[in-house]
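Novice: My structure is in data_31.cif, and what it holds is mmCIF, C-alpha atoms:
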```cif
data_my_file
loop_
_atom_site.label_atom_id
_atom_site.label_comp_id
_atom_site.auth_asym_id
_atom_site.auth_seq_id
_atom_site.Cartn_x
_atom_site.Cartn_y
_atom_site.Cartn_z
CA HIS A 1 0.00 0.00 0.00
CA GLY A 2 2.90 2.34 -0.62
CA GLN A 3 4.19 2.19 2.98
CA SER A 4 7.67 1.21 3.97
CA ALA A 5 8.17 -1.56 6.52
CA ALA A 6 9.08 1.02 9.15
CA GLN A 7 5.99 3.13 8.41
CA ALA A 8 3.69 0.10 8.52
CA ALA A 9 5.22 -1.02 11.81
CA ALA A 10 4.64 2.42 13.31
CA ILE A 11 1.00 2.41 12.26
CA LEU A 12 0.31 -1.09 13.53
CA ALA A 13 2.32 -0.90 16.75
CA PRO A 14 -0.56 0.47 18.91
CA LEU A 15 -2.73 -2.51 17.93
CA ASN A 16 -0.35 -4.99 19.52
CA GLU A 17 -1.52 -3.88 22.96
CA ALA A 18 -5.03 -2.70 22.10
CA ILE A 19 -6.45 -5.76 20.34
CA PRO A 20 -5.99 -8.31 23.18
CA ALA A 21 -7.58 -5.88 25.67
CA ALA A 22 -10.55 -4.94 23.47
CA PRO A 23 -14.01 -6.24 24.36
CA ALA A 24 -15.38 -9.01 22.15
CA ALA A 25 -17.20 -7.65 19.13
CA GLY A 26 -20.55 -8.86 17.88
CA HIS A 27 -20.05 -9.78 14.22
CA GLY A 28 -17.09 -7.60 13.36
CA VAL A 29 -14.92 -4.67 14.34
CA ALA A 30 -13.36 -1.67 12.61
CA TRP A 31 -9.93 -0.60 13.81
CA PHE A 32 -8.44 2.85 13.26
CA ALA A 33 -4.69 3.04 13.71
CA ALA A 34 -2.08 5.78 13.46
CA PRO A 35 1.41 6.14 14.92
CA GLY A 36 0.87 6.24 18.67
CA HIS A 37 -2.95 5.98 18.52
CA SER A 38 -5.68 3.38 17.96
CA ALA A 39 -9.44 3.10 18.30
CA HIS A 40 -12.10 0.53 17.43
CA VAL A 41 -15.85 0.38 16.76
CA ALA A 42 -17.96 -2.79 17.00
CA LEU A 43 -19.76 -3.53 13.73
CA PRO A 44 -22.57 -6.05 14.17
CA GLY A 45 -23.12 -6.32 10.42
CA LEU A 46 -19.57 -6.42 9.04
CA THR A 47 -19.22 -9.31 6.58
CA GLU A 48 -15.96 -8.72 4.73
CA VAL A 49 -12.31 -8.00 5.53
CA ALA A 50 -10.83 -4.75 4.22
CA ILE A 51 -7.66 -2.72 4.78
CA GLU A 52 -7.43 0.95 3.91
CA ILE A 53 -4.43 3.24 4.26
CA GLY A 54 -4.66 6.98 3.83
CA SER A 55 -4.70 10.31 5.59
CA ALA A 56 -8.43 10.06 6.42
CA PRO A 57 -10.57 6.91 6.98
CA ASP A 58 -13.60 6.32 4.78
CA THR A 59 -16.16 6.01 7.58
CA LEU A 60 -19.20 6.34 5.27
CA ARG A 61 -18.68 2.81 3.99
CA LEU A 62 -19.17 1.53 7.53
CA LEU A 63 -22.70 2.94 7.95
CA PRO A 64 -24.57 -0.01 6.37
CA HIS A 65 -22.82 -2.34 8.79
CA LEU A 66 -23.90 -0.38 11.86
CA SER A 67 -27.62 -1.02 11.36
CA VAL A 68 -29.10 -4.18 12.85
CA GLY A 69 -32.52 -3.50 11.35
CA PRO A 70 -35.82 -2.83 13.12
CA ASP A 71 -36.83 -4.87 16.13
CA TYR A 72 -39.68 -7.35 15.99
CA PHE A 73 -41.24 -9.80 18.42
CA VAL A 74 -41.71 -13.53 18.02
CA LEU A 75 -44.42 -15.65 19.62
CA ALA A 76 -43.38 -19.31 19.42
CA ILE A 77 -46.56 -21.13 20.38
CA SER A 78 -47.54 -24.76 20.85
CA GLN A 79 -49.76 -26.62 23.28
CA ASN A 80 -46.65 -27.56 25.27
CA HIS A 81 -44.86 -24.20 25.31
CA ALA A 82 -45.52 -20.49 24.84
CA ARG A 83 -42.40 -18.36 24.44
CA VAL A 84 -41.81 -14.76 23.39
CA PHE A 85 -38.60 -13.36 21.92
CA ARG A 86 -37.35 -9.96 20.88
CA ALA A 87 -35.28 -10.02 17.71
CA ASN A 88 -33.69 -8.06 14.90
CA ARG A 89 -31.69 -9.01 11.82
CA LEU A 90 -28.70 -10.17 13.85
CA SER A 91 -29.93 -11.41 17.21
CA ILE A 92 -32.79 -12.97 19.13
CA GLU A 93 -33.29 -13.12 22.88
CA PRO A 94 -36.04 -14.14 25.33
CA PHE A 95 -38.54 -11.41 26.14
CA GLU A 96 -40.21 -11.69 29.54
CA VAL A 97 -44.00 -11.35 29.50
CA LYS A 98 -45.71 -11.17 32.86
CA ASP A 99 -48.54 -13.66 33.42
CA LEU A 100 -47.82 -15.48 30.15
CA PRO A 101 -49.03 -19.10 30.48
CA LYS A 102 -46.19 -21.49 29.82
CA SER A 103 -48.40 -24.09 28.14
CA LEU A 104 -51.99 -25.18 27.56
CA GLU A 105 -51.88 -27.15 30.80
CA ASP A 106 -50.55 -24.13 32.69
CA ALA A 107 -53.30 -21.91 31.28
CA LEU A 108 -56.09 -24.33 32.25
CA TRP A 109 -54.67 -25.53 35.54
CA TYR A 110 -58.02 -24.82 37.20
CA VAL A 111 -60.03 -27.05 34.84
CA HIS A 112 -60.90 -30.57 35.92
CA ARG A 113 -63.29 -32.69 33.91
CA GLU A 114 -64.69 -36.07 34.83
CA PRO A 115 -64.02 -38.78 32.25
CA THR A 116 -66.95 -39.32 29.87
CA MET A 117 -67.96 -42.31 27.75
CA GLU A 118 -67.51 -41.88 24.00
CA ARG A 119 -69.44 -44.28 21.75
CA HIS A 120 -68.22 -45.53 18.39
CA GLY A 121 -70.24 -46.78 15.43
CA SER A 122 -69.50 -50.37 16.39
CA GLY A 123 -71.21 -49.85 19.72
CA ALA A 124 -67.95 -50.02 21.61
CA GLY A 125 -66.99 -47.20 23.91
CA HIS A 126 -64.04 -45.84 25.85
CA MET A 127 -63.49 -43.38 28.65
CA SER A 128 -62.28 -39.92 27.64
CA GLY A 129 -61.20 -36.95 29.73
CA GLY A 130 -63.88 -34.56 28.54
CA GLY A 131 -63.96 -35.58 24.86
CA GLN A 132 -62.84 -33.78 21.75
CA GLN A 133 -65.71 -31.30 22.02
CA TYR A 134 -63.71 -29.47 24.67
CA HIS A 135 -60.38 -29.43 22.86
CA LYS A 136 -60.94 -26.47 20.56
CA ASN A 137 -62.42 -24.42 23.39
CA ASP A 138 -59.43 -25.22 25.59
CA ILE A 139 -57.03 -24.00 22.92
CA HIS A 140 -59.15 -20.87 22.47
CA GLN A 141 -58.94 -20.11 26.20
CA TYR A 142 -55.19 -20.76 26.19
CA LEU A 143 -54.55 -18.43 23.26
CA HIS A 144 -56.81 -15.80 24.80
CA GLN A 145 -54.64 -15.77 27.94
CA VAL A 146 -51.48 -15.53 25.81
CA ASP A 147 -52.94 -12.62 23.83
CA LYS A 148 -54.04 -10.84 27.02
CA ALA A 149 -50.55 -11.08 28.54
CA LEU A 150 -48.93 -9.91 25.30
CA GLY A 151 -51.34 -6.99 25.03
CA VAL A 152 -50.08 -5.66 28.36
CA ALA A 153 -46.40 -6.36 27.65
CA LEU A 154 -46.47 -4.77 24.17
CA ALA A 155 -48.73 -1.83 24.99
CA GLY A 156 -47.53 1.20 23.04
CA SER A 157 -45.22 -0.81 20.79
CA HIS A 158 -45.39 -0.62 17.00
CA ALA A 159 -43.01 -3.53 16.38
CA PRO A 160 -44.33 -6.43 14.31
CA LEU A 161 -45.26 -9.65 16.10
CA VAL A 162 -44.38 -12.75 14.09
CA VAL A 163 -46.22 -15.92 15.17
CA MET A 164 -44.65 -19.34 14.71
CA GLY A 165 -46.71 -22.44 15.38
CA VAL A 166 -48.66 -25.30 13.81
CA GLY A 167 -51.16 -24.05 11.27
CA TYR A 168 -54.48 -23.99 13.08
CA GLU A 169 -53.12 -22.79 16.44
CA ALA A 170 -51.03 -19.99 14.94
CA SER A 171 -53.87 -18.91 12.63
CA MET A 172 -56.38 -18.97 15.47
CA PHE A 173 -54.15 -16.70 17.54
CA ILE A 174 -53.61 -14.25 14.67
CA ASN A 175 -57.33 -14.09 13.89
CA GLU A 176 -58.27 -13.35 17.50
CA SER A 177 -55.28 -11.28 18.65
CA HIS A 178 -55.88 -7.72 19.84
CA TYR A 179 -52.30 -6.65 19.10
CA ARG A 180 -52.59 -4.33 16.10
CA HIS A 181 -49.20 -5.15 14.62
CA VAL A 182 -49.41 -8.94 14.51
CA VAL A 183 -48.20 -10.27 11.14
CA HIS A 184 -51.23 -11.73 9.37
CA THR A 185 -49.56 -14.88 8.05
CA PRO A 186 -47.80 -17.24 10.48
CA VAL A 187 -44.52 -19.09 10.20
CA SER A 188 -45.78 -22.65 9.99
CA GLY A 189 -44.10 -25.35 12.05
CA ASN A 190 -43.80 -26.64 15.60
CA PRO A 191 -41.24 -24.39 17.35
CA ASP A 192 -40.67 -27.10 19.96
CA GLN A 193 -38.91 -29.21 17.32
CA VAL A 194 -36.30 -26.65 16.21
CA ASP A 195 -33.56 -24.70 17.95
CA LEU A 196 -33.50 -20.95 18.58
CA LEU A 197 -31.25 -20.24 15.59
CA THR A 198 -33.81 -21.85 13.29
CA ILE A 199 -36.66 -19.89 14.87
CA HIS A 200 -34.64 -16.72 14.32
CA ALA A 201 -33.82 -17.52 10.70
CA ARG A 202 -37.40 -18.42 9.76
CA THR A 203 -39.07 -15.51 11.55
CA ASP A 204 -36.47 -13.02 10.30
CA ARG A 205 -37.32 -13.94 6.71
CA LYS A 206 -40.96 -13.19 7.48
CA SER A 207 -40.05 -9.86 9.14
CA THR A 208 -37.74 -8.89 6.25
CA ARG A 209 -40.46 -9.49 3.66
CA LEU A 210 -42.88 -7.44 5.76
CA ASN A 211 -40.50 -4.47 6.04
CA SER A 212 -39.65 -4.53 2.33
CA SER A 213 -43.27 -4.63 1.19
#
```
Please go through the file and, once you have read it, give me the structure as structure tokens.
Specialist:
Amino acid sequence: HGQSAAQAAAILAPLNEAIPAAPAAGHGVAWFAAPGHSAHVALPGLTEVAIEIGSAPDTLRLLPHLSVGPDYFVLAISQNHARVFRANRLSIEPFEVKDLPKSLEDALWYVHREPTMERHGSGAGHMSGGGQQYHKNDIHQYLHQVDKALGVALAGSHAPLVVMGVGYEASMFINESHYRHVVHTPVSGNPDQVDLLTIHARTDRKSTRLNSS
């Protein structure tokens, strides 16, 4: 880059002490070095390696890498678990919601039904804990409690809420939710069967399409 070995050594010398002591960066870091001086800026979106030498750094090229994108919320819902996350293009983390039921069983802990006899066409019968006629209503009550807790936690927010769950449960929540910024089409799939990175990747694609439309 037009620098002698001595000049390059003088520019890079401050980094020998600064780099090991620097805090860990998110996805990247920009270093500024001059004889006797150094500084760094964490860049969550940096994706390539570049070296520039000159009298003034080109900081404008760093601006796209400083944006992590708008925040959005994720409701990962199943009958076994209800979880809420706050996310953006680069990260996802749990978001605490007061009074959020942890599952269908947790939401309906107070319900106890006596087993009932269900008859089949053959005349045979078996005992059932309330029968299928109660199942849809139970899910409705569960989702209502989830929506009520979210309504309080997200009051005043304009961030999108992306719902991930099996088709009918996720669609039922979206159709009945009182949160004005819920995304109208769910991310289909059981979130219990995938890891957090997969939940992030699939919901971020939904959020990105929403923000670009």
Novice: Up to 10 Å from (-9.7, 2.9, 6.3) in the file's coordinates: name the residues, counting only C-alpha atoms, as a list in words.
Specialist: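 Within the cut-off we find Ala30, Trp31, Phe32, Ala33, Ala50, Ile51, Glu52, Ile53, Gly54, Ser55, Ala56, Pro57, Asp58, Thr59, Arg61 and Leu62 of chain A.
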Novice: Which residue out of A:Val49, A:Ile92, A:Leu143, A:Ala18 has the minimum interatomic distance to His37 (chain A) when only C-alpha atoms are used?
Specialist: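 Distance minimum relative to His37 (chain A) lands on A:Ala18.
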Novice: By how many Å are CA of Asn137 (chain A) and CA of Glu169 (chain A) apart?
Specialist: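 These atoms are spaced 11.7 Å apart.
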Novice: To one decimal in Å, tell me the separation between CA of Lys148 (chain A) and CA of Arg202 (chain A).
Specialist: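 These two atoms are separated by 25.1 Å.
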Novice: Compare A:Arg205, A:Ser78, A:Pro14, A:Arg83 by their minimum atom-to-atom distance to Gly189 (chain A), counting only C-alpha atoms, and give me the closest one.
Specialist: A:Ser78
Novice: As an exercise, work out the distance from CA of Glu93 (chain A) to CA of Met172 (chain A) in Å and give it to one decimal place.
Specialist: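 It comes out at 24.9 Å.
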Novice: Neighbouring residues of region 96-107 of chain A were defined as those with any atom within 10 Å, considering all atoms listed in the file; residues of the same chain fewer than 6 positions away were excluded. Please report them as a ChimeraX atom specification.
Specialist: /A:77-86,138-154
Novice: Contacts of Ala8 (chain A) at 10 Å or less, counting all atoms listed in the file, minus same-chain residues fewer than 5 places along, as a list in words?
Specialist: His1, Gly2, Gln3, Ala13, Ala34, Pro35 and Ile53 of chain A
